[in-house]
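One file, start.txt, is given below (compact mmCIF, C-alpha atoms).
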```txt
# COMPACT_ATOMS: atom_id res chain seq x y z
CA MET A 1 216.70 -4.05 -50.30
CA LYS A 2 218.37 -0.63 -50.57
CA LYS A 3 218.54 -0.96 -54.37
CA LEU A 4 214.86 -1.93 -54.44
CA ILE A 5 213.95 1.10 -52.33
CA SER A 6 216.12 3.56 -54.22
CA ASN A 7 214.72 2.50 -57.60
CA THR A 8 211.15 2.80 -56.42
CA VAL A 9 211.79 6.14 -54.72
CA LEU A 10 213.50 7.33 -57.91
CA PHE A 11 210.28 6.69 -59.79
CA LEU A 12 208.27 8.57 -57.18
CA MET A 13 210.76 11.43 -56.97
CA ALA A 14 210.63 11.86 -60.72
CA LEU A 15 206.89 12.42 -60.44
CA VAL A 16 207.41 15.05 -57.76
CA SER A 17 210.12 16.75 -59.79
CA PHE A 18 207.88 17.06 -62.84
CA ALA A 19 204.88 18.34 -60.89
CA GLN A 20 206.69 20.65 -58.50
CA ASP A 21 209.54 22.10 -60.54
CA GLY A 22 208.20 21.73 -64.08
CA GLU A 23 211.63 20.49 -65.25
CA ASP A 24 210.90 18.03 -68.02
CA PRO A 25 213.95 16.06 -69.26
CA VAL A 26 212.42 16.15 -72.76
CA VAL A 27 212.16 19.46 -74.61
CA TRP A 28 209.92 19.39 -77.68
CA SER A 29 210.10 21.57 -80.79
CA GLN A 30 208.06 21.47 -83.99
CA ASP A 31 208.22 22.55 -87.60
CA LEU A 32 205.93 22.59 -90.61
CA ILE A 33 207.09 22.17 -94.22
CA PRO A 34 204.64 23.01 -97.08
CA LEU A 35 204.96 20.44 -99.87
CA GLY A 36 202.48 21.96 -102.30
CA ASP A 37 199.18 20.60 -103.60
CA SER A 38 197.60 21.01 -100.11
CA GLN A 39 200.23 18.73 -98.60
CA TYR A 40 202.37 19.40 -95.53
CA GLU A 41 204.98 17.61 -93.47
CA LEU A 42 204.64 17.83 -89.68
CA ILE A 43 207.92 17.52 -87.77
CA MET A 44 208.09 16.90 -84.01
CA LYS A 45 211.55 16.84 -82.44
CA ALA A 46 212.48 15.79 -78.90
CA THR A 47 215.73 16.86 -77.26
CA ILE A 48 216.37 14.42 -74.43
CA ASP A 49 218.51 15.08 -71.35
CA GLU A 50 221.54 12.92 -70.68
CA GLY A 51 220.65 9.61 -69.03
CA TRP A 52 216.99 9.75 -70.08
CA HIS A 53 215.25 8.09 -73.01
CA LEU A 54 211.81 7.69 -74.57
CA TYR A 55 210.36 4.81 -76.52
CA SER A 56 209.63 4.25 -80.19
CA GLN A 57 206.13 3.80 -81.56
CA PHE A 58 207.16 0.27 -82.43
CA THR A 59 208.81 -1.02 -79.25
CA ALA A 60 208.12 -4.64 -78.35
CA GLU A 61 204.82 -5.64 -76.77
CA GLY A 62 204.99 -6.70 -73.14
CA GLY A 63 207.55 -4.02 -72.32
CA SER A 64 207.36 -0.29 -71.72
CA LEU A 65 204.63 1.78 -73.34
CA PRO A 66 205.28 2.95 -76.91
CA SER A 67 204.94 6.55 -78.04
CA GLU A 68 201.47 7.06 -79.48
CA PHE A 69 200.34 9.89 -81.77
CA THR A 70 196.72 10.94 -82.18
CA TYR A 71 195.94 13.19 -85.14
CA VAL A 72 192.85 15.11 -84.07
CA ASN A 73 190.11 15.41 -86.75
CA GLU A 74 192.11 13.20 -89.11
CA GLY A 75 189.79 11.88 -91.81
CA SER A 76 187.44 14.86 -91.71
CA GLU A 77 189.78 17.84 -92.07
CA TYR A 78 192.85 16.11 -93.50
CA GLU A 79 194.23 12.67 -94.30
CA LEU A 80 197.53 11.03 -93.41
CA ILE A 81 199.98 10.17 -96.16
CA GLY A 82 201.70 7.03 -94.96
CA SER A 83 202.59 6.44 -91.32
CA THR A 84 204.58 8.50 -88.84
CA THR A 85 208.30 8.00 -89.47
CA GLU A 86 211.05 8.07 -86.85
CA SER A 87 214.73 8.92 -86.64
CA ALA A 88 217.34 6.29 -85.78
CA THR A 89 216.56 4.16 -82.71
CA LEU A 90 218.46 1.93 -80.29
CA LYS A 91 217.70 -1.65 -79.26
CA VAL A 92 218.10 -2.30 -75.52
CA TYR A 93 217.19 -5.47 -73.60
CA SER A 94 214.97 -4.88 -70.55
CA GLU A 95 215.75 -7.15 -67.61
CA ILE A 96 212.49 -6.17 -65.91
CA PHE A 97 210.17 -7.00 -68.83
CA GLU A 98 212.57 -9.52 -70.46
CA VAL A 99 212.07 -8.12 -73.98
CA GLU A 100 214.19 -6.08 -76.39
CA GLU A 101 212.88 -2.52 -76.40
CA THR A 102 213.26 0.16 -79.07
CA LEU A 103 214.08 3.63 -77.78
CA PHE A 104 215.65 7.04 -78.40
CA LYS A 105 218.48 8.76 -76.54
CA LYS A 106 219.55 12.41 -76.83
CA GLU A 107 217.21 13.10 -79.76
CA ALA A 108 214.09 11.78 -81.47
CA VAL A 109 212.46 13.14 -84.63
CA PHE A 110 208.97 12.15 -85.80
CA LYS A 111 207.61 13.14 -89.22
CA GLN A 112 204.13 12.81 -90.70
CA LYS A 113 202.88 13.94 -94.12
CA ILE A 114 199.26 15.07 -94.46
CA ARG A 115 196.92 16.21 -97.23
CA MET A 116 194.28 18.81 -96.38
CA LEU A 117 190.68 17.93 -97.26
CA LYS A 118 189.17 21.30 -96.31
CA PRO A 119 190.83 24.46 -97.68
CA ASP A 120 189.47 26.68 -94.89
CA ILE A 121 191.30 24.77 -92.12
CA ASN A 122 194.47 26.55 -91.01
CA GLN A 123 195.40 24.56 -87.90
CA VAL A 124 196.27 20.93 -87.18
CA LYS A 125 196.32 19.48 -83.67
CA VAL A 126 198.43 16.44 -82.75
CA GLU A 127 198.37 14.71 -79.36
CA LEU A 128 201.25 12.56 -78.14
CA PHE A 129 201.34 10.09 -75.26
CA TYR A 130 204.84 8.86 -74.37
CA GLN A 131 207.09 7.71 -71.54
CA VAL A 132 210.26 9.46 -70.46
CA CYS A 133 212.52 7.08 -68.60
CA LYS A 134 215.64 6.87 -66.49
CA GLU A 135 215.74 3.34 -65.03
CA VAL A 136 212.03 3.90 -64.32
CA CYS A 137 209.38 5.49 -66.53
CA ILE A 138 206.97 8.41 -66.17
CA PRO A 139 203.97 8.76 -68.54
CA GLN A 140 203.71 12.16 -70.23
CA ASP A 141 201.33 13.98 -72.60
CA LYS A 142 202.18 16.60 -75.23
CA VAL A 143 199.94 18.58 -77.58
CA PHE A 144 201.24 20.16 -80.81
CA TYR A 145 199.41 22.89 -82.74
CA PHE A 146 200.57 23.47 -86.33
CA SER A 147 199.56 26.73 -88.05
CA LEU A 148 199.26 26.12 -91.79
CA ASP A 149 199.16 29.80 -92.78
CA GLY A 150 201.85 31.05 -90.40
CA SER A 151 199.40 32.92 -88.20
CA GLU A 152 199.64 32.90 -84.43
CA ILE A 153 197.65 30.08 -82.89
CA ALA A 154 195.07 31.27 -80.39
CA PRO A 155 194.25 29.06 -77.39
CA VAL A 156 191.77 26.40 -78.40
CA GLU A 157 188.85 25.68 -76.11
CA GLU A 158 188.77 21.98 -75.42
CA SER A 159 185.54 20.02 -75.45
CA LEU A 160 184.76 16.55 -74.18
CA ASP A 161 183.97 13.78 -76.61
CA ALA A 162 180.75 11.78 -76.43
CA SER A 163 182.33 8.83 -74.61
CA SER A 164 183.71 11.05 -71.83
CA ILE A 165 180.33 12.71 -71.34
CA ALA A 166 178.60 9.31 -71.29
CA MET A 167 181.02 8.04 -68.64
CA ALA A 168 180.51 11.16 -66.56
CA ASN A 169 176.74 10.81 -66.70
CA ALA A 170 176.97 7.15 -65.73
CA LEU A 171 179.05 7.92 -62.64
CA LYS A 172 177.34 11.13 -61.47
CA LEU A 173 176.37 11.15 -57.81
CA ASP A 174 172.92 12.29 -56.76
CA LEU A 175 173.89 14.97 -54.24
CA LYS A 176 170.75 17.06 -54.64
CA ASN A 177 169.12 15.96 -51.42
CA LYS A 178 171.11 15.84 -48.21
CA ASP A 179 168.52 13.50 -46.68
CA VAL A 180 169.26 10.92 -49.39
CA LEU A 181 172.90 10.71 -48.33
CA ARG A 182 171.91 10.56 -44.71
CA GLY A 183 169.46 7.77 -45.47
CA ILE A 184 172.21 5.79 -47.20
CA VAL A 185 174.74 6.33 -44.43
CA GLY A 186 172.22 5.73 -41.65
CA SER A 187 171.29 7.46 -38.42
CA SER A 188 173.02 7.08 -35.09
CA SER A 189 170.81 4.08 -34.28
CA GLU A 190 172.22 2.38 -37.34
CA GLY A 191 175.81 3.44 -36.66
CA GLN A 192 177.49 0.17 -37.56
CA THR A 193 175.68 -0.09 -40.89
CA GLY A 194 176.50 3.56 -41.62
CA LEU A 195 180.20 3.01 -40.95
CA LEU A 196 180.24 -0.01 -43.26
CA VAL A 197 178.67 2.06 -46.03
CA ILE A 198 181.20 4.85 -45.51
CA PHE A 199 183.99 2.26 -45.52
CA GLY A 200 182.57 1.02 -48.83
CA LEU A 201 182.51 4.56 -50.24
CA GLY A 202 186.13 5.02 -49.20
CA PHE A 203 187.02 1.66 -50.74
CA LEU A 204 185.35 2.72 -53.99
CA GLY A 205 187.31 5.97 -53.92
CA GLY A 206 190.53 4.01 -53.51
CA LEU A 207 189.69 1.78 -56.48
CA ILE A 208 189.06 4.87 -58.60
CA ALA A 209 192.39 6.35 -57.45
CA LEU A 210 194.14 3.21 -58.70
CA LEU A 211 193.03 4.09 -62.25
CA THR A 212 194.65 7.53 -62.22
CA PRO A 213 197.99 8.32 -63.95
CA CYS A 214 199.67 8.97 -60.57
CA VAL A 215 199.10 5.43 -59.29
CA PHE A 216 198.26 2.93 -62.05
CA PRO A 217 201.69 2.82 -63.81
CA MET A 218 203.37 2.16 -60.45
CA ILE A 219 201.54 -1.11 -59.76
CA PRO A 220 203.42 -3.46 -62.15
CA LEU A 221 206.69 -1.61 -61.58
CA THR A 222 206.57 -1.84 -57.78
CA VAL A 223 205.36 -5.44 -57.76
CA SER A 224 208.12 -6.42 -60.22
CA PHE A 225 210.76 -4.92 -57.95
CA PHE A 226 209.42 -6.73 -54.89
CA THR A 227 209.09 -10.11 -56.60
CA LYS A 228 212.17 -10.09 -58.85
CA LYS A 229 214.68 -8.39 -56.56
CA SER A 230 213.90 -10.35 -53.38
CA GLN A 231 215.89 -13.40 -52.38
CA SER A 232 212.83 -15.65 -52.48
CA ARG A 233 209.23 -15.52 -53.66
CA SER A 234 207.95 -15.62 -50.08
CA LYS A 235 210.18 -12.65 -49.17
CA GLY A 236 208.84 -10.68 -52.15
CA ILE A 237 205.24 -11.40 -51.12
CA PHE A 238 206.00 -10.40 -47.54
CA ASP A 239 207.63 -7.10 -48.56
CA ALA A 240 204.80 -6.22 -50.96
CA SER A 241 202.20 -7.08 -48.31
CA LEU A 242 204.07 -4.98 -45.73
CA TYR A 243 204.15 -2.12 -48.24
CA GLY A 244 200.38 -2.41 -48.64
CA PHE A 245 199.85 -2.59 -44.88
CA PHE A 246 201.80 0.63 -44.38
CA ILE A 247 199.70 2.35 -47.06
CA VAL A 248 196.55 1.44 -45.09
CA ILE A 249 198.06 2.69 -41.82
CA ILE A 250 199.19 6.00 -43.35
CA TYR A 251 195.78 6.91 -44.74
CA PHE A 252 194.04 5.82 -41.54
CA LEU A 253 196.39 7.99 -39.47
CA LEU A 254 195.47 11.02 -41.58
CA SER A 255 192.00 10.92 -40.00
CA LEU A 256 193.20 10.91 -36.39
CA PRO A 257 193.61 14.72 -36.04
CA PHE A 258 189.87 15.08 -36.65
CA HIS A 259 189.22 13.13 -33.44
CA LEU A 260 190.61 16.11 -31.52
CA PHE A 261 187.33 17.83 -32.27
CA ASP A 262 185.11 15.08 -30.85
CA SER A 263 183.88 17.44 -28.13
CA VAL A 264 182.03 19.54 -30.70
CA ASP A 265 178.34 18.69 -30.46
CA SER A 266 176.11 18.04 -33.45
CA GLN A 267 174.16 21.28 -33.02
CA ILE A 268 177.30 23.35 -33.63
CA LEU A 269 178.15 21.17 -36.65
CA ASN A 270 174.67 21.77 -38.05
CA THR A 271 175.15 25.51 -37.54
CA ILE A 272 178.41 25.38 -39.49
CA ALA A 273 176.76 23.30 -42.23
CA THR A 274 174.18 26.04 -42.79
CA ASN A 275 176.71 28.87 -42.85
CA ILE A 276 176.57 30.65 -46.23
CA TRP A 277 180.23 31.65 -46.37
CA LEU A 278 181.51 28.23 -45.31
CA ASN A 279 179.39 26.55 -47.99
CA LEU A 280 180.70 29.01 -50.59
CA PHE A 281 184.24 28.23 -49.43
CA PHE A 282 183.66 24.49 -49.93
CA PHE A 283 182.10 25.23 -53.33
CA LEU A 284 185.28 27.03 -54.45
CA ILE A 285 187.52 24.32 -53.00
CA PHE A 286 185.78 21.54 -54.93
CA VAL A 287 185.71 23.58 -58.14
CA PHE A 288 189.46 23.98 -57.61
CA PHE A 289 189.78 20.20 -57.22
CA ALA A 290 187.66 19.61 -60.34
CA PHE A 291 189.80 21.81 -62.57
CA SER A 292 192.93 20.02 -61.37
CA PHE A 293 191.37 16.79 -62.70
CA PHE A 294 190.55 18.58 -65.95
CA GLY A 295 194.29 19.17 -66.36
CA TYR A 296 194.53 22.93 -65.87
CA TYR A 297 197.09 22.52 -63.05
CA GLU A 298 198.55 19.90 -60.72
CA LEU A 299 198.10 19.72 -56.94
CA THR A 300 201.38 18.69 -55.34
CA LEU A 301 202.94 18.64 -51.91
CA PRO A 302 206.40 20.20 -51.33
CA SER A 303 209.15 18.17 -52.98
CA SER A 304 211.28 18.55 -49.83
CA TRP A 305 208.91 16.15 -48.06
CA ALA A 306 209.61 13.43 -50.60
CA ASN A 307 213.34 14.22 -50.46
CA LYS A 308 213.33 13.54 -46.72
CA MET A 309 211.48 10.25 -47.23
CA ASP A 310 214.03 9.30 -49.91
CA SER A 311 216.96 9.93 -47.55
CA ALA A 312 215.28 8.06 -44.70
CA SER A 313 214.47 5.00 -46.83
CA ASN A 314 218.06 4.77 -48.08
CA ARG A 315 219.47 5.07 -44.56
CA VAL A 316 217.37 2.51 -42.74
CA GLY A 317 216.30 -0.15 -45.27
CA GLY A 318 214.32 -3.19 -44.15
CA GLY A 319 210.75 -2.83 -42.95
CA LEU A 320 211.22 0.79 -41.93
CA GLY A 321 212.55 1.56 -45.39
CA ILE A 322 209.40 0.06 -46.91
CA PHE A 323 207.36 2.31 -44.62
CA PHE A 324 209.11 5.39 -46.00
CA MET A 325 208.41 4.10 -49.53
CA ALA A 326 204.71 3.99 -48.65
CA VAL A 327 204.89 7.54 -47.26
CA THR A 328 206.52 8.70 -50.49
CA LEU A 329 203.71 7.10 -52.49
CA ALA A 330 201.15 9.05 -50.45
CA ILE A 331 203.05 12.30 -51.06
CA VAL A 332 203.63 12.07 -54.81
CA SER A 333 200.19 10.65 -55.64
CA PHE A 334 198.50 13.58 -53.89
CA SER A 335 197.76 15.34 -57.19
CA CYS A 336 195.32 12.51 -58.00
CA THR A 337 194.28 11.29 -54.55
CA GLY A 338 193.93 14.71 -52.90
CA PRO A 339 190.71 15.74 -54.67
CA ILE A 340 189.23 12.26 -54.09
CA LEU A 341 190.03 12.49 -50.38
CA GLY A 342 188.52 15.97 -50.35
CA GLY A 343 185.32 14.57 -51.80
CA LEU A 344 185.35 11.83 -49.17
CA LEU A 345 185.70 14.47 -46.45
CA GLY A 346 182.78 16.43 -47.90
CA SER A 347 180.59 13.32 -48.06
CA THR A 348 181.29 12.35 -44.45
CA ALA A 349 180.49 15.90 -43.34
CA LEU A 350 177.03 15.50 -44.90
CA ALA A 351 176.41 12.19 -43.12
CA GLU A 352 174.82 11.67 -39.71
CA GLY A 353 176.97 10.56 -36.82
CA ASP A 354 180.42 11.51 -35.58
CA VAL A 355 182.37 13.17 -38.39
CA ALA A 356 185.78 11.96 -37.19
CA THR A 357 184.64 8.33 -36.88
CA ASN A 358 183.00 8.47 -40.30
CA LEU A 359 186.18 9.90 -41.80
CA SER A 360 188.33 7.20 -40.17
CA ALA A 361 186.09 4.51 -41.69
CA GLY A 362 186.28 6.16 -45.10
CA MET A 363 190.06 6.63 -44.97
CA LEU A 364 190.50 3.02 -43.87
CA GLY A 365 188.48 1.84 -46.87
CA PHE A 366 190.47 4.12 -49.19
CA GLY A 367 193.80 2.80 -47.91
CA VAL A 368 192.72 -0.86 -48.17
CA ALA A 369 191.65 -0.42 -51.80
CA LEU A 370 194.85 1.42 -52.71
CA ALA A 371 197.06 -1.19 -51.03
CA LEU A 372 195.28 -4.36 -52.13
CA PRO A 373 196.75 -4.68 -55.67
CA PHE A 374 200.35 -4.56 -54.45
CA ALA A 375 199.83 -7.59 -52.19
CA LEU A 376 197.57 -9.54 -54.58
CA PHE A 377 199.80 -9.13 -57.64
CA ALA A 378 202.84 -10.15 -55.58
CA MET A 379 201.02 -13.37 -54.61
CA PHE A 380 199.73 -13.97 -58.14
CA PRO A 381 202.20 -12.26 -60.53
CA ALA A 382 200.56 -13.90 -63.57
CA TRP A 383 197.61 -11.57 -63.03
CA LEU A 384 199.81 -8.66 -64.11
CA GLN A 385 199.42 -9.83 -67.70
CA SER A 386 195.69 -9.08 -67.54
CA LEU A 387 196.21 -5.44 -66.53
CA PRO A 388 195.33 -2.93 -69.26
CA LYS A 389 198.21 -0.82 -70.51
CA SER A 390 198.55 2.75 -69.30
CA GLY A 391 197.37 5.27 -71.85
CA GLY A 392 194.93 7.97 -72.77
CA TRP A 393 192.03 6.22 -71.03
CA MET A 394 193.47 7.41 -67.70
CA THR A 395 192.84 11.00 -68.81
CA THR A 396 189.18 10.10 -69.33
CA VAL A 397 189.07 8.73 -65.77
CA LYS A 398 190.40 12.05 -64.45
CA VAL A 399 187.78 13.97 -66.46
CA VAL A 400 185.01 11.83 -64.96
CA LEU A 401 186.40 12.48 -61.48
CA GLY A 402 186.38 16.18 -62.29
CA PHE A 403 182.65 16.00 -62.99
CA LEU A 404 182.09 14.22 -59.68
CA GLU A 405 183.99 16.98 -57.87
CA LEU A 406 181.83 19.58 -59.65
CA ALA A 407 178.69 17.72 -58.55
CA LEU A 408 179.83 17.92 -54.93
CA ALA A 409 180.79 21.59 -55.39
CA PHE A 410 177.31 22.49 -56.61
CA LYS A 411 175.82 20.66 -53.64
CA PHE A 412 177.53 23.17 -51.33
CA LEU A 413 176.51 26.05 -53.60
CA SER A 414 172.94 24.75 -53.41
CA ASN A 415 173.17 24.82 -49.60
CA ALA A 416 174.31 28.45 -49.66
CA ASP A 417 171.56 29.32 -52.15
CA LEU A 418 168.94 27.70 -49.93
CA VAL A 419 170.10 29.51 -46.78
CA GLY A 420 170.55 32.85 -48.54
CA ASN A 421 167.30 32.49 -50.52
CA TRP A 422 169.02 33.73 -53.69
CA GLY A 423 166.90 31.70 -56.12
CA LEU A 424 169.84 30.38 -58.16
CA PHE A 425 168.42 26.84 -58.13
CA LYS A 426 164.79 26.00 -58.72
CA ARG A 427 163.25 23.72 -56.11
CA GLU A 428 159.87 22.06 -56.12
```
In structure tokens, how does this file's structure come out?
Amino acid sequence: MKKLISNTVLFLMALVSFAQDGEDPVVWSQDLIPLGDSQYELIMKATIDEGWHLYSQFTAEGGSLPSEFTYVNEGSEYELIGSTTESATLKVYSEIFEVEETLFKKEAVFKQKIRMLKPDINQVKVELFYQVCKEVCIPQDKVFYFSLDGSEIAPVEESLDASSIAMANALKLDLKNKDVLRGIVGSSSEGQTGLLVIFGLGFLGGLIALLTPCVFPMIPLTVSFFTKKSQSRSKGIFDASLYGFFIVIIYFLLSLPFHLFDSVDSQILNTIATNIWLNLFFFLIFVFFAFSFFGYYELTLPSSWANKMDSASNRVGGGLGIFFMAVTLAIVSFSCTGPILGGLLGSTALAEGDVATNLSAGMLGFGVALALPFALFAMFPAWLQSLPKSGGWMTTVKVVLGFLELALAFKFLSNADLVGNWGLFKRE
């Protein structure tokens, strides 16, 4: 059990280390060699810390994720000459995935020759998705900019592709009318129905959180540890189910402090809801959340919190150790779940009824959705084969969530505009 806990916590601690300290065990460098006749060779070199490794583009299927290069605007601005070559690799058998994997240690060099199709293009952008691993694996992204004429590369303004915009439009929430949300949630005379709807909204938020890079790669890894390292299948199912139960309890407990304010009457809450400065504050908060999903920065909790959970889980083991594992999950996944929970808090504040009770229902739904896969996949491990592989699609999910956060932000700005009569938004 202690080995199970320490391996899982190691995975979670690695996430905290990357987000909090910015210490990446892989340092990348790049070079560009002109070959003449509008041809160039792009060189991308990784220097890997001792004990860590990353995977080849051609590692075996069914194992860890391979390194994947995306050559932006390839075909329109330039063409590839052959495929991306690699330096010498190692073959290592994975006991977890039961396949022979191809990987790099200490150093990896990738080379790609290109031929320019447009003479006025002086910059080539290459995106890389890879995993850096040390017993467990963390997905990473890297972007290379190659200057063909030796000039300094200015920051490039990123734009969303058509598929990302289409997904965002499909998932946009209609937050224009506060009465619409209240009608969905229900009035005090329909309290039970309203709580079920809020539970459903929280459950939906939890399902979305499962698709983020902070959570999704952990599902097969955690389930594999529970099922393969336990003495029996029933023990593995029990431990995974207990892990899921603790996740539900943790998120539900986060709503309990709000019940301390149950003596505040609805009239005061309505007064706060129509306060210009408070609405502007919420507007800025949700814009801040949105840009974290767009990748401008990461929201993380102090790494010392996760360190304490790590020490506690190693000391106690058993069921209490699994509880500390669940706490660590909540801490290190905050960069992805935090903005979603913030949106849930904003939605419950707009709904009729007791805010604290609404929030408890929403947090309960969120925790159930987040915990469910760990128990289900432990009971039916064959289902793991149907899971999509982690990859760039998770970035698209975060972008869509960023748009949803912006929609909620502009709802609060609209409230401030209405109260202040500024005329920023046209209303019929």
> Any idea what the distance is between CA of Leu201 (chain A) and CA of Leu364 (chain A)?
Replying inline: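 Rounded to one decimal, the two atoms are 10.3 Å apart.
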>> So, with all atoms listed in the file as the atoms that count, which of A:Ile121, A:Ile276, A:Ile114, A:Ile198 lies closest to Leu148 (chain A)?
In response: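 Answer, going by the shortest atom-to-atom distance: A:Ile121.
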>> So, with only C-alpha atoms as the atoms that count, which of A:Val143, A:Cys133, A:Leu372, A:Met44 lies closest to Leu32 (chain A)?
In response: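 Of A:Val143, A:Cys133, A:Leu372, A:Met44, the one nearest Leu32 (chain A), counting only C-alpha atoms, is A:Met44.
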> What does the distance between CA of Tyr55 (chain A) and CA of Trp28 (chain A) come to in Å, to one decimal place?
Replying inline: 14.6 Å
> What is the distance, in Å and to one decimal place, between CA of Gly402 (chain A) and CA of Leu344 (chain A)?
Replying inline: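 That distance, rounded to one decimal, is 13.9 Å.
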> So, counting all atoms listed in the file, which residue among A:Ile322, A:Leu278, A:Gly295, A:Ser29 is closest to Ile247 (chain A)?
Replying inline: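 Ranking A:Ile322, A:Leu278, A:Gly295, A:Ser29 by distance to Ile247 (chain A), first place goes to A:Ile322.
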> For Ile208 (chain A), which residue out of A:Ser64, A:Thr337, A:Gln57, A:Asn73 is the nearest one, using all atoms listed in the file?
Replying inline: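 For Ile208 (chain A), the nearest of the given residues is A:Thr337.
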> Which is closest to Tyr71 (chain A) among A:Thr47, A:Ser234, A:Ser414, A:Gln123, if we use all atoms listed in the file?
Replying inline: A:Gln123
> Leaving out Phe146 (chain A) and any residue of its chain fewer than 2 positions from it, which residues lie within 10 Å of it when counting all atoms listed in the file, given as a ChimeraX atom specification?
Replying inline: /A:30-32,42-43,122-126,144,148-153
>> Given all atoms listed in the file as the basis, pick out the residue of A:Leu54, A:Val72, A:Leu280, A:Ala361 nearest to Ala108 (chain A).
In response: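 Nearest candidate to Ala108 (chain A) out of A:Leu54, A:Val72, A:Leu280, A:Ala361: A:Leu54.
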> Quick one: residues within 7 Å of Thr84 (chain A), only C-alpha atoms counted, chain neighbours fewer than 6 positions away excluded, as a ChimeraX atom specification?
Replying inline: /A:110-112
> So which residues touch Glu107 (chain A) within 8 Å, counting only C-alpha atoms, skipping near sequence neighbours fewer than 5 positions away, as a list in words?
Replying inline: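 Everything that qualifies: Lys45, Ala46, Thr47 and Ile48 of chain A.
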